[in-house]
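Q: See structure.cif below, with mmCIF, C-alpha atoms.
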```cif
data_final
loop_
_atom_site.group_PDB
_atom_site.id
_atom_site.type_symbol
_atom_site.label_atom_id
_atom_site.label_comp_id
_atom_site.auth_asym_id
_atom_site.auth_seq_id
_atom_site.Cartn_x
_atom_site.Cartn_y
_atom_site.Cartn_z
ATOM 1 C CA GLY G 799 52.719 78.465 117.312
ATOM 2 C CA GLU G 800 52.140 80.389 120.460
ATOM 3 C CA SER G 801 48.575 81.503 120.643
ATOM 4 C CA VAL G 802 45.894 81.382 123.238
ATOM 5 C CA GLY G 803 42.472 82.431 122.169
ATOM 6 C CA LEU G 804 39.078 83.006 123.638
ATOM 7 C CA HIS G 805 35.964 82.097 121.729
ATOM 8 C CA LEU G 806 33.990 85.281 122.340
ATOM 9 C CA PRO G 807 35.251 88.828 122.871
ATOM 10 C CA THR G 808 32.137 89.791 124.880
ATOM 11 C CA LEU G 809 29.738 87.800 127.050
ATOM 12 C CA SER G 810 26.600 89.313 128.505
ATOM 13 C CA VAL G 811 24.751 87.536 131.322
ATOM 14 C CA GLN G 812 21.931 88.273 133.713
ATOM 15 C CA GLU G 813 22.787 88.794 137.362
ATOM 16 C CA GLY G 814 22.342 85.528 139.224
ATOM 17 C CA ASP G 815 22.929 83.333 136.180
ATOM 18 C CA ASN G 816 26.000 81.175 135.717
ATOM 19 C CA SER G 817 28.706 82.375 133.312
ATOM 20 C CA ILE G 818 30.993 80.234 131.202
ATOM 21 C CA ILE G 819 34.042 81.777 129.572
ATOM 22 C CA ASN G 820 35.961 79.633 127.122
ATOM 23 C CA CYS G 821 39.553 79.523 126.014
ATOM 24 C CA ALA G 822 41.339 77.468 123.377
ATOM 25 C CA TYR G 823 45.063 76.945 123.696
ATOM 26 C CA SER G 824 47.466 75.805 121.043
ATOM 27 C CA ASN G 825 50.319 73.979 122.750
ATOM 28 C CA SER G 826 49.537 70.427 123.786
ATOM 29 C CA ALA G 827 52.692 70.390 125.928
ATOM 30 C CA SER G 828 51.521 73.258 128.148
ATOM 31 C CA ASP G 829 51.414 72.043 131.739
ATOM 32 C CA TYR G 830 49.839 74.879 133.674
ATOM 33 C CA PHE G 831 46.949 77.282 133.076
ATOM 34 C CA ILE G 832 45.699 80.398 134.843
ATOM 35 C CA TRP G 833 42.647 82.609 134.712
ATOM 36 C CA TYR G 834 42.963 86.311 135.452
ATOM 37 C CA LYS G 835 40.329 88.997 135.965
ATOM 38 C CA GLN G 836 41.005 92.611 135.027
ATOM 39 C CA GLU G 837 38.673 95.337 136.188
ATOM 40 C CA SER G 838 38.700 98.782 134.679
ATOM 41 C CA GLY G 839 41.701 100.784 135.840
ATOM 42 C CA LYS G 840 43.374 97.830 137.517
ATOM 43 C CA GLY G 841 45.936 95.215 136.655
ATOM 44 C CA PRO G 842 45.033 91.558 136.113
ATOM 45 C CA GLN G 843 44.168 89.680 139.303
ATOM 46 C CA PHE G 844 44.662 85.948 139.769
ATOM 47 C CA ILE G 845 41.421 83.965 139.961
ATOM 48 C CA ILE G 846 42.286 80.287 139.756
ATOM 49 C CA ASP G 847 44.855 77.961 138.231
ATOM 50 C CA ILE G 848 45.040 74.331 137.181
ATOM 51 C CA ARG G 849 47.807 71.914 136.303
ATOM 52 C CA SER G 850 47.624 69.649 133.311
ATOM 53 C CA ASN G 851 47.311 66.527 135.474
ATOM 54 C CA MET G 852 43.880 67.736 136.613
ATOM 55 C CA ASP G 853 40.559 68.090 134.766
ATOM 56 C CA LYS G 854 38.741 70.317 137.207
ATOM 57 C CA ARG G 855 39.454 72.650 140.052
ATOM 58 C CA GLN G 856 37.034 74.607 142.167
ATOM 59 C CA GLY G 857 37.394 77.857 144.016
ATOM 60 C CA GLN G 858 34.941 80.198 145.644
ATOM 61 C CA ARG G 859 32.115 80.503 143.089
ATOM 62 C CA VAL G 860 34.525 79.664 140.272
ATOM 63 C CA THR G 861 35.422 76.392 138.564
ATOM 64 C CA VAL G 862 38.049 75.800 135.932
ATOM 65 C CA LEU G 863 37.703 72.861 133.558
ATOM 66 C CA LEU G 864 40.513 71.550 131.407
ATOM 67 C CA ASN G 865 39.988 69.323 128.381
ATOM 68 C CA LYS G 866 43.392 68.357 127.083
ATOM 69 C CA THR G 867 41.962 66.246 124.270
ATOM 70 C CA VAL G 868 40.621 69.312 122.489
ATOM 71 C CA LYS G 869 42.957 71.828 124.164
ATOM 72 C CA HIS G 870 40.130 73.719 125.781
ATOM 73 C CA LEU G 871 39.926 75.590 129.064
ATOM 74 C CA SER G 872 36.827 77.116 130.601
ATOM 75 C CA LEU G 873 35.999 79.288 133.574
ATOM 76 C CA GLN G 874 32.609 78.893 135.181
ATOM 77 C CA ILE G 875 31.305 81.583 137.513
ATOM 78 C CA ALA G 876 28.321 80.632 139.621
ATOM 79 C CA ALA G 877 25.589 83.137 140.476
ATOM 80 C CA THR G 878 27.243 85.960 138.552
ATOM 81 C CA GLN G 879 27.258 89.311 140.347
ATOM 82 C CA PRO G 880 27.729 92.883 139.081
ATOM 83 C CA GLY G 881 31.189 92.867 140.650
ATOM 84 C CA ASP G 882 32.158 90.087 138.260
ATOM 85 C CA SER G 883 31.985 92.516 135.331
ATOM 86 C CA ALA G 884 35.537 92.637 133.984
ATOM 87 C CA VAL G 885 37.827 91.307 131.271
ATOM 88 C CA TYR G 886 38.883 87.691 131.809
ATOM 89 C CA PHE G 887 42.156 86.302 130.452
ATOM 90 C CA CYS G 888 43.403 82.772 130.253
ATOM 91 C CA ALA G 889 47.097 82.009 130.109
ATOM 92 C CA GLU G 890 49.083 78.852 129.452
ATOM 93 C CA ARG G 891 52.581 78.031 130.545
ATOM 94 C CA TYR G 892 54.629 77.270 127.487
ATOM 95 C CA GLY G 893 57.966 75.477 127.835
ATOM 96 C CA SER G 894 59.353 73.383 130.668
ATOM 97 C CA SER G 895 58.527 73.836 134.329
ATOM 98 C CA ASN G 896 62.019 75.284 134.809
ATOM 99 C CA THR G 897 62.104 77.759 131.951
ATOM 100 C CA GLY G 898 58.479 78.224 130.948
ATOM 101 C CA LYS G 899 56.690 81.493 130.429
ATOM 102 C CA LEU G 900 53.033 82.475 130.428
ATOM 103 C CA ILE G 901 51.293 83.165 127.119
ATOM 104 C CA PHE G 902 48.110 85.204 127.481
ATOM 105 C CA GLY G 903 44.919 85.147 125.475
ATOM 106 C CA GLN G 904 43.165 88.248 124.191
ATOM 107 C CA GLY G 905 40.459 88.418 126.832
ATOM 108 C CA THR G 906 36.681 88.128 127.102
ATOM 109 C CA THR G 907 34.667 91.024 128.471
ATOM 110 C CA LEU G 908 31.960 89.842 130.865
ATOM 111 C CA GLN G 909 29.009 92.196 131.214
ATOM 112 C CA VAL G 910 26.539 91.492 134.019
ATOM 113 C CA LYS G 911 23.056 92.901 133.529
ATOM 114 C CA PRO G 912 21.110 93.777 136.707
ATOM 115 C CA GLU M 585 46.029 95.657 147.071
ATOM 116 C CA THR M 586 48.206 93.126 145.239
ATOM 117 C CA GLY M 587 51.524 93.959 146.851
ATOM 118 C CA VAL M 588 52.873 95.394 143.598
ATOM 119 C CA THR M 589 52.869 99.181 143.350
ATOM 120 C CA GLN M 590 53.433 101.129 140.157
ATOM 121 C CA THR M 591 54.007 104.843 139.709
ATOM 122 C CA PRO M 592 52.928 106.993 138.076
ATOM 123 C CA ARG M 593 49.407 105.764 137.275
ATOM 124 C CA HIS M 594 49.198 108.036 134.240
ATOM 125 C CA LEU M 595 51.903 109.610 132.101
ATOM 126 C CA VAL M 596 51.750 111.865 129.075
ATOM 127 C CA MET M 597 55.004 112.527 127.284
ATOM 128 C CA GLY M 598 56.274 113.975 124.053
ATOM 129 C CA MET M 599 58.432 111.989 121.678
ATOM 130 C CA THR M 600 61.580 113.846 122.771
ATOM 131 C CA ASN M 601 61.022 113.423 126.510
ATOM 132 C CA LYS M 602 62.756 111.062 128.893
ATOM 133 C CA LYS M 603 60.697 109.520 131.671
ATOM 134 C CA SER M 604 60.829 106.505 133.965
ATOM 135 C CA LEU M 605 58.229 104.082 135.258
ATOM 136 C CA LYS M 606 58.704 102.620 138.705
ATOM 137 C CA CYS M 607 57.558 99.344 140.198
ATOM 138 C CA GLU M 608 57.962 98.039 143.737
ATOM 139 C CA GLN M 609 56.851 94.692 145.114
ATOM 140 C CA HIS M 610 56.363 93.858 148.786
ATOM 141 C CA LEU M 611 55.805 90.122 148.342
ATOM 142 C CA GLY M 612 59.344 88.840 148.762
ATOM 143 C CA HIS M 613 59.398 87.574 145.196
ATOM 144 C CA ASN M 614 62.595 87.158 143.245
ATOM 145 C CA ALA M 615 61.304 87.632 139.690
ATOM 146 C CA MET M 616 59.903 90.823 138.162
ATOM 147 C CA TYR M 617 58.426 91.529 134.749
ATOM 148 C CA TRP M 618 57.357 94.307 132.419
ATOM 149 C CA TYR M 619 54.344 93.714 130.186
ATOM 150 C CA LYS M 620 52.748 95.943 127.573
ATOM 151 C CA GLN M 621 48.968 95.920 127.211
ATOM 152 C CA SER M 622 47.500 97.480 124.080
ATOM 153 C CA ALA M 623 43.848 97.601 123.122
ATOM 154 C CA LYS M 624 42.551 94.456 121.364
ATOM 155 C CA LYS M 625 45.865 92.637 121.845
ATOM 156 C CA PRO M 626 47.069 90.032 124.340
ATOM 157 C CA LEU M 627 49.511 90.987 127.053
ATOM 158 C CA GLU M 628 53.002 91.243 125.570
ATOM 159 C CA LEU M 629 55.966 90.220 127.679
ATOM 160 C CA MET M 630 58.783 92.760 127.448
ATOM 161 C CA PHE M 631 61.422 91.923 130.054
ATOM 162 C CA VAL M 632 62.039 89.387 132.814
ATOM 163 C CA TYR M 633 64.417 89.785 135.739
ATOM 164 C CA ASN M 634 65.273 86.954 138.102
ATOM 165 C CA PHE M 635 67.346 87.806 141.188
ATOM 166 C CA LYS M 636 68.186 91.188 139.565
ATOM 167 C CA GLU M 637 69.530 89.582 136.406
ATOM 168 C CA GLN M 638 67.755 90.064 133.094
ATOM 169 C CA THR M 639 66.722 86.671 131.784
ATOM 170 C CA GLU M 640 64.508 87.736 128.911
ATOM 171 C CA ASN M 641 64.312 90.618 126.476
ATOM 172 C CA ASN M 642 61.460 89.925 124.107
ATOM 173 C CA SER M 643 62.919 91.866 121.146
ATOM 174 C CA VAL M 644 62.002 95.170 122.749
ATOM 175 C CA PRO M 645 63.249 98.359 121.003
ATOM 176 C CA SER M 646 66.167 100.069 122.713
ATOM 177 C CA ARG M 647 64.060 103.152 123.460
ATOM 178 C CA PHE M 648 62.796 101.047 126.389
ATOM 179 C CA SER M 649 65.541 100.471 128.932
ATOM 180 C CA PRO M 650 64.838 98.394 132.059
ATOM 181 C CA GLU M 651 66.707 98.571 135.337
ATOM 182 C CA CYS M 652 66.459 96.237 138.308
ATOM 183 C CA PRO M 653 68.620 97.427 141.221
ATOM 184 C CA ASN M 654 67.303 94.728 143.568
ATOM 185 C CA SER M 655 64.624 92.040 143.687
ATOM 186 C CA SER M 656 62.010 94.479 144.988
ATOM 187 C CA HIS M 657 62.382 97.327 142.528
ATOM 188 C CA LEU M 658 62.067 97.554 138.768
ATOM 189 C CA PHE M 659 62.250 100.572 136.505
ATOM 190 C CA LEU M 660 61.479 101.153 132.852
ATOM 191 C CA HIS M 661 63.336 104.122 131.396
ATOM 192 C CA LEU M 662 61.690 105.661 128.340
ATOM 193 C CA HIS M 663 63.269 107.920 125.724
ATOM 194 C CA THR M 664 62.337 109.061 122.224
ATOM 195 C CA LEU M 665 59.150 107.034 122.233
ATOM 196 C CA GLN M 666 56.711 106.818 119.339
ATOM 197 C CA PRO M 667 52.930 107.355 119.432
ATOM 198 C CA GLU M 668 52.436 103.610 118.878
ATOM 199 C CA ASP M 669 54.123 103.025 122.231
ATOM 200 C CA SER M 670 51.049 104.436 123.945
ATOM 201 C CA ALA M 671 49.655 101.606 126.071
ATOM 202 C CA LEU M 672 49.189 100.332 129.612
ATOM 203 C CA TYR M 673 52.514 99.150 131.034
ATOM 204 C CA LEU M 674 52.131 96.498 133.676
ATOM 205 C CA CYS M 675 54.683 95.337 136.197
ATOM 206 C CA ALA M 676 54.393 91.893 137.743
ATOM 207 C CA SER M 677 56.299 89.727 140.175
ATOM 208 C CA SER M 678 56.440 86.030 140.956
ATOM 209 C CA GLN M 679 58.193 83.689 143.346
ATOM 210 C CA GLY M 680 60.129 81.997 140.559
ATOM 211 C CA ALA M 681 60.679 82.829 136.893
ATOM 212 C CA GLN M 682 59.393 79.547 135.537
ATOM 213 C CA GLY M 683 56.059 80.792 134.232
ATOM 214 C CA GLY M 684 54.065 80.494 137.427
ATOM 215 C CA LYS M 685 51.476 82.723 139.023
ATOM 216 C CA LEU M 686 52.107 86.414 138.447
ATOM 217 C CA PHE M 687 51.029 89.258 140.699
ATOM 218 C CA PHE M 688 50.367 92.445 138.749
ATOM 219 C CA GLY M 689 50.426 96.107 139.639
ATOM 220 C CA SER M 690 47.725 98.492 138.446
ATOM 221 C CA GLY M 691 49.834 99.694 135.572
ATOM 222 C CA THR M 692 50.962 103.004 134.126
ATOM 223 C CA GLN M 693 48.743 104.341 131.348
ATOM 224 C CA LEU M 694 51.194 105.961 128.939
ATOM 225 C CA SER M 695 50.263 108.393 126.198
ATOM 226 C CA VAL M 696 52.944 109.506 123.735
ATOM 227 C CA LEU M 697 52.092 112.678 121.843
#
```
Reformat the file's structure so that it appears as structure tokens.
A:
Amino acid sequence: GESVGLHLPTLSVQEGDNSIINCAYSNSASDYFIWYKQESGKGPQFIIDIRSNMDKRQGQRVTVLLNKTVKHLSLQIAATQPGDSAVYFCAERYGSSNTGKLIFGQGTTLQVKP
Amino acid sequence: ETGVTQTPRHLVMGMTNKKSLKCEQHLGHNAMYWYKQSAKKPLELMFVYNFKEQTENNSVPSRFSPECPNSSHLFLHLHTLQPEDSALYLCASSQGAQGGKLFFGSGTQLSVL
């Protein structure tokens, strides 16, 4: 079925530590994955994406890892800052590359302690 | 600023009212979307428009009526809503409608009394 889930609803980390947010997806045929960040009072903002032919992709302070064997996606944030406090969503593209649509997970709230 | 603007930011309406949500994108995209975001639930896709044509209606009740006059503007007309329709309504746009990267507005927080 269509479901994308995150392992933990809330993650609390110390400022300066690395954060890892996990996501399990259900459709082995999904070919594209995205992480979004949503701050209070704002809409979701794109962070990073990855295609299924890759295992890892790095951005500025963020890394996405994809393990297709166990259908697992993770977002790593290096040196977490107070401004990283937000809700993080993963999404998978379900269907073909011509007619697919994004299915979103429920979200993990990241709390950064000073 | 994401390039997708939604108005109003907040809306309170009674169940007998008629109101409209507006979305405008300045990104040159051809696809626009309405999503509903309720507490403790994943984002729910409501409607998809591609080049002004509706390509998806995700079994949305008829009390929600979308309108897309051109690729840059999207409306959601609301009438006789129920309290359970209270939620954050998000507009998004993308270059294609194939499930790629979406750019979201800040949403309209709707309360139905």
Q: Can you work out which residues from chain G touch chain M at a cut-off of 10 Å (counting all atoms listed in the file) and hand them back as an mmCIF file with C-alpha atoms, in the coordinates of the input?
A:
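For reference, part-v2.cif as written:
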```
data_model
loop_
_atom_site.group_PDB
_atom_site.id
_atom_site.type_symbol
_atom_site.label_atom_id
_atom_site.label_comp_id
_atom_site.auth_asym_id
_atom_site.auth_seq_id
_atom_site.Cartn_x
_atom_site.Cartn_y
_atom_site.Cartn_z
ATOM 1 C CA SER G 801 48.575 81.503 120.643
ATOM 2 C CA VAL G 802 45.894 81.382 123.238
ATOM 3 C CA GLY G 803 42.472 82.431 122.169
ATOM 4 C CA PRO G 807 35.251 88.828 122.871
ATOM 5 C CA TYR G 830 49.839 74.879 133.674
ATOM 6 C CA PHE G 831 46.949 77.282 133.076
ATOM 7 C CA ILE G 832 45.699 80.398 134.843
ATOM 8 C CA TRP G 833 42.647 82.609 134.712
ATOM 9 C CA TYR G 834 42.963 86.311 135.452
ATOM 10 C CA GLN G 836 41.005 92.611 135.027
ATOM 11 C CA GLU G 837 38.673 95.337 136.188
ATOM 12 C CA SER G 838 38.700 98.782 134.679
ATOM 13 C CA GLY G 839 41.701 100.784 135.840
ATOM 14 C CA LYS G 840 43.374 97.830 137.517
ATOM 15 C CA GLY G 841 45.936 95.215 136.655
ATOM 16 C CA PRO G 842 45.033 91.558 136.113
ATOM 17 C CA GLN G 843 44.168 89.680 139.303
ATOM 18 C CA PHE G 844 44.662 85.948 139.769
ATOM 19 C CA ILE G 846 42.286 80.287 139.756
ATOM 20 C CA ASP G 847 44.855 77.961 138.231
ATOM 21 C CA PHE G 887 42.156 86.302 130.452
ATOM 22 C CA ALA G 889 47.097 82.009 130.109
ATOM 23 C CA GLU G 890 49.083 78.852 129.452
ATOM 24 C CA ARG G 891 52.581 78.031 130.545
ATOM 25 C CA TYR G 892 54.629 77.270 127.487
ATOM 26 C CA GLY G 893 57.966 75.477 127.835
ATOM 27 C CA SER G 894 59.353 73.383 130.668
ATOM 28 C CA SER G 895 58.527 73.836 134.329
ATOM 29 C CA ASN G 896 62.019 75.284 134.809
ATOM 30 C CA THR G 897 62.104 77.759 131.951
ATOM 31 C CA GLY G 898 58.479 78.224 130.948
ATOM 32 C CA LYS G 899 56.690 81.493 130.429
ATOM 33 C CA LEU G 900 53.033 82.475 130.428
ATOM 34 C CA ILE G 901 51.293 83.165 127.119
ATOM 35 C CA PHE G 902 48.110 85.204 127.481
ATOM 36 C CA GLY G 903 44.919 85.147 125.475
ATOM 37 C CA GLN G 904 43.165 88.248 124.191
ATOM 38 C CA GLY G 905 40.459 88.418 126.832
#
```
Q: Applied to the shown file, which residues does the PyMOL selection byres ((chain M and resi 654-665) around 9) return, written as number ranges by chain?
A: M: 597-618, 633-636, 646-653, 666-670, 675, 677, 696
Q: For region 811-823 of chain G, find every residue with an atom within 8 Å (counting all atoms listed in the file), except residues of its own chain fewer than 6 positions away, and show them as a list in words.
A: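 Here the answer would be Ser801, Val802, Gly803, Leu804, His805, Lys869, His870, Leu871, Ser872, Leu873, Gln874, Ile875, Ala876, Ala877, Thr878, Gln879, Pro880, Tyr886, Cys888, Glu890, Gly903, Thr906, Leu908, Gln909, Val910, Lys911 and Pro912 of chain G.
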Q: What separation in Å, quoted to one decimal, exists between CA of Ile845 (chain G) and CA of Ser824 (chain G)?
A: 21.5 Å
Q: Take the PyMOL selection byres ((chain M and resi 643) around 10), apply it to the structure above, and return the hits as a PyMOL selection string.
A: chain M and resi 629-631+640-642+644-646
Q: Provide the CA of Thr591 (chain M) to CA of Ser678 (chain M) distance in Å, to one decimal place.
A: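 Here the two named atoms are 19.0 Å from each other.
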Q: How far is it from CA of Gln679 (chain M) to CA of Leu595 (chain M), in Å with one decimal?
A: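 Atom-to-atom, CA of Gln679 (chain M) and CA of Leu595 (chain M) are spaced 28.9 Å apart.
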Q: Just checking: using only C-alpha atoms, which residue out of G:Asn825, G:Ser883, G:Ser810, G:Ser850 ends up closest to Leu863 (chain G)?
A: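 Of the candidates, the smallest distance to Leu863 (chain G) is held by G:Ser850.
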Q: Kindly add N, CA and C atoms to the incomplete region 597-627 of chain M and provide the output as an mmCIF file, in the frame of the given file.
A:
```
data_model
loop_
_atom_site.group_PDB
_atom_site.id
_atom_site.type_symbol
_atom_site.label_atom_id
_atom_site.label_comp_id
_atom_site.auth_asym_id
_atom_site.auth_seq_id
_atom_site.Cartn_x
_atom_site.Cartn_y
_atom_site.Cartn_z
ATOM 1 N N MET M 597 53.676 112.043 127.638
ATOM 2 C CA MET M 597 55.004 112.527 127.284
ATOM 3 C C MET M 597 55.110 112.777 125.793
ATOM 4 N N GLY M 598 55.983 113.722 125.447
ATOM 5 C CA GLY M 598 56.274 113.975 124.053
ATOM 6 C C GLY M 598 57.336 113.012 123.561
ATOM 7 N N MET M 599 57.498 112.965 122.262
ATOM 8 C CA MET M 599 58.432 111.989 121.678
ATOM 9 C C MET M 599 59.884 112.290 122.022
ATOM 10 N N THR M 600 60.186 113.511 122.449
ATOM 11 C CA THR M 600 61.580 113.846 122.771
ATOM 12 C C THR M 600 61.863 113.761 124.269
ATOM 13 N N ASN M 601 60.838 113.461 125.052
ATOM 14 C CA ASN M 601 61.022 113.423 126.510
ATOM 15 C C ASN M 601 61.741 112.161 126.962
ATOM 16 N N LYS M 602 62.244 112.237 128.206
ATOM 17 C CA LYS M 602 62.756 111.062 128.893
ATOM 18 C C LYS M 602 61.993 110.928 130.205
ATOM 19 N N LYS M 603 61.435 109.770 130.435
ATOM 20 C CA LYS M 603 60.697 109.520 131.671
ATOM 21 C C LYS M 603 61.011 108.115 132.159
ATOM 22 N N SER M 604 60.624 107.841 133.402
ATOM 23 C CA SER M 604 60.829 106.505 133.965
ATOM 24 C C SER M 604 59.582 106.020 134.670
ATOM 25 N N LEU M 605 59.296 104.743 134.513
ATOM 26 C CA LEU M 605 58.229 104.082 135.258
ATOM 27 C C LEU M 605 58.871 103.303 136.398
ATOM 28 N N LYS M 606 58.169 103.300 137.524
ATOM 29 C CA LYS M 606 58.704 102.620 138.705
ATOM 30 C C LYS M 606 57.757 101.537 139.180
ATOM 31 N N CYS M 607 58.327 100.459 139.648
ATOM 32 C CA CYS M 607 57.558 99.344 140.198
ATOM 33 C C CYS M 607 58.249 98.851 141.460
ATOM 34 N N GLU M 608 57.436 98.578 142.492
ATOM 35 C CA GLU M 608 57.962 98.039 143.737
ATOM 36 C C GLU M 608 57.056 96.904 144.205
ATOM 37 N N GLN M 609 57.661 95.795 144.597
ATOM 38 C CA GLN M 609 56.851 94.692 145.114
ATOM 39 C C GLN M 609 57.234 94.394 146.557
ATOM 40 N N HIS M 610 56.195 94.104 147.356
ATOM 41 C CA HIS M 610 56.363 93.858 148.786
ATOM 42 C C HIS M 610 56.018 92.420 149.121
ATOM 43 N N LEU M 611 56.238 91.512 148.177
ATOM 44 C CA LEU M 611 55.805 90.122 148.342
ATOM 45 C C LEU M 611 56.973 89.175 148.589
ATOM 46 N N GLY M 612 58.180 89.705 148.564
ATOM 47 C CA GLY M 612 59.344 88.840 148.762
ATOM 48 C C GLY M 612 59.662 87.973 147.564
ATOM 49 N N HIS M 613 59.147 88.345 146.412
ATOM 50 C CA HIS M 613 59.398 87.574 145.196
ATOM 51 C C HIS M 613 60.784 87.873 144.635
ATOM 52 N N ASN M 614 61.272 86.955 143.825
ATOM 53 C CA ASN M 614 62.595 87.158 143.245
ATOM 54 C C ASN M 614 62.555 87.477 141.751
ATOM 55 N N ALA M 615 61.410 87.354 141.122
ATOM 56 C CA ALA M 615 61.304 87.632 139.690
ATOM 57 C C ALA M 615 60.361 88.805 139.451
ATOM 58 N N MET M 616 60.735 89.672 138.511
ATOM 59 C CA MET M 616 59.903 90.823 138.162
ATOM 60 C C MET M 616 59.843 90.953 136.652
ATOM 61 N N TYR M 617 58.729 91.518 136.186
ATOM 62 C CA TYR M 617 58.426 91.529 134.749
ATOM 63 C C TYR M 617 57.857 92.884 134.331
ATOM 64 N N TRP M 618 58.090 93.228 133.078
ATOM 65 C CA TRP M 618 57.357 94.307 132.419
ATOM 66 C C TRP M 618 56.537 93.710 131.288
ATOM 67 N N TYR M 619 55.244 94.089 131.264
ATOM 68 C CA TYR M 619 54.344 93.714 130.186
ATOM 69 C C TYR M 619 53.765 94.968 129.556
ATOM 70 N N LYS M 620 53.444 94.875 128.281
ATOM 71 C CA LYS M 620 52.748 95.943 127.573
ATOM 72 C C LYS M 620 51.352 95.441 127.233
ATOM 73 N N GLN M 621 50.350 96.278 127.532
ATOM 74 C CA GLN M 621 48.968 95.920 127.211
ATOM 75 C C GLN M 621 48.366 96.977 126.294
ATOM 76 N N SER M 622 48.131 96.594 125.054
ATOM 77 C CA SER M 622 47.500 97.480 124.080
ATOM 78 C C SER M 622 46.076 97.013 123.835
ATOM 79 N N ALA M 623 45.246 97.938 123.386
ATOM 80 C CA ALA M 623 43.848 97.601 123.122
ATOM 81 C C ALA M 623 43.757 96.492 122.073
ATOM 82 N N LYS M 624 42.860 95.538 122.309
ATOM 83 C CA LYS M 624 42.551 94.456 121.364
ATOM 84 C C LYS M 624 43.714 93.498 121.149
ATOM 85 N N LYS M 625 44.732 93.547 121.994
ATOM 86 C CA LYS M 625 45.865 92.637 121.845
ATOM 87 C C LYS M 625 46.153 91.933 123.156
ATOM 88 N N PRO M 626 46.689 90.710 123.101
ATOM 89 C CA PRO M 626 47.069 90.032 124.340
ATOM 90 C C PRO M 626 48.219 90.755 125.044
ATOM 91 N N LEU M 627 48.367 90.472 126.303
ATOM 92 C CA LEU M 627 49.511 90.987 127.053
ATOM 93 C C LEU M 627 50.808 90.555 126.380
#
```
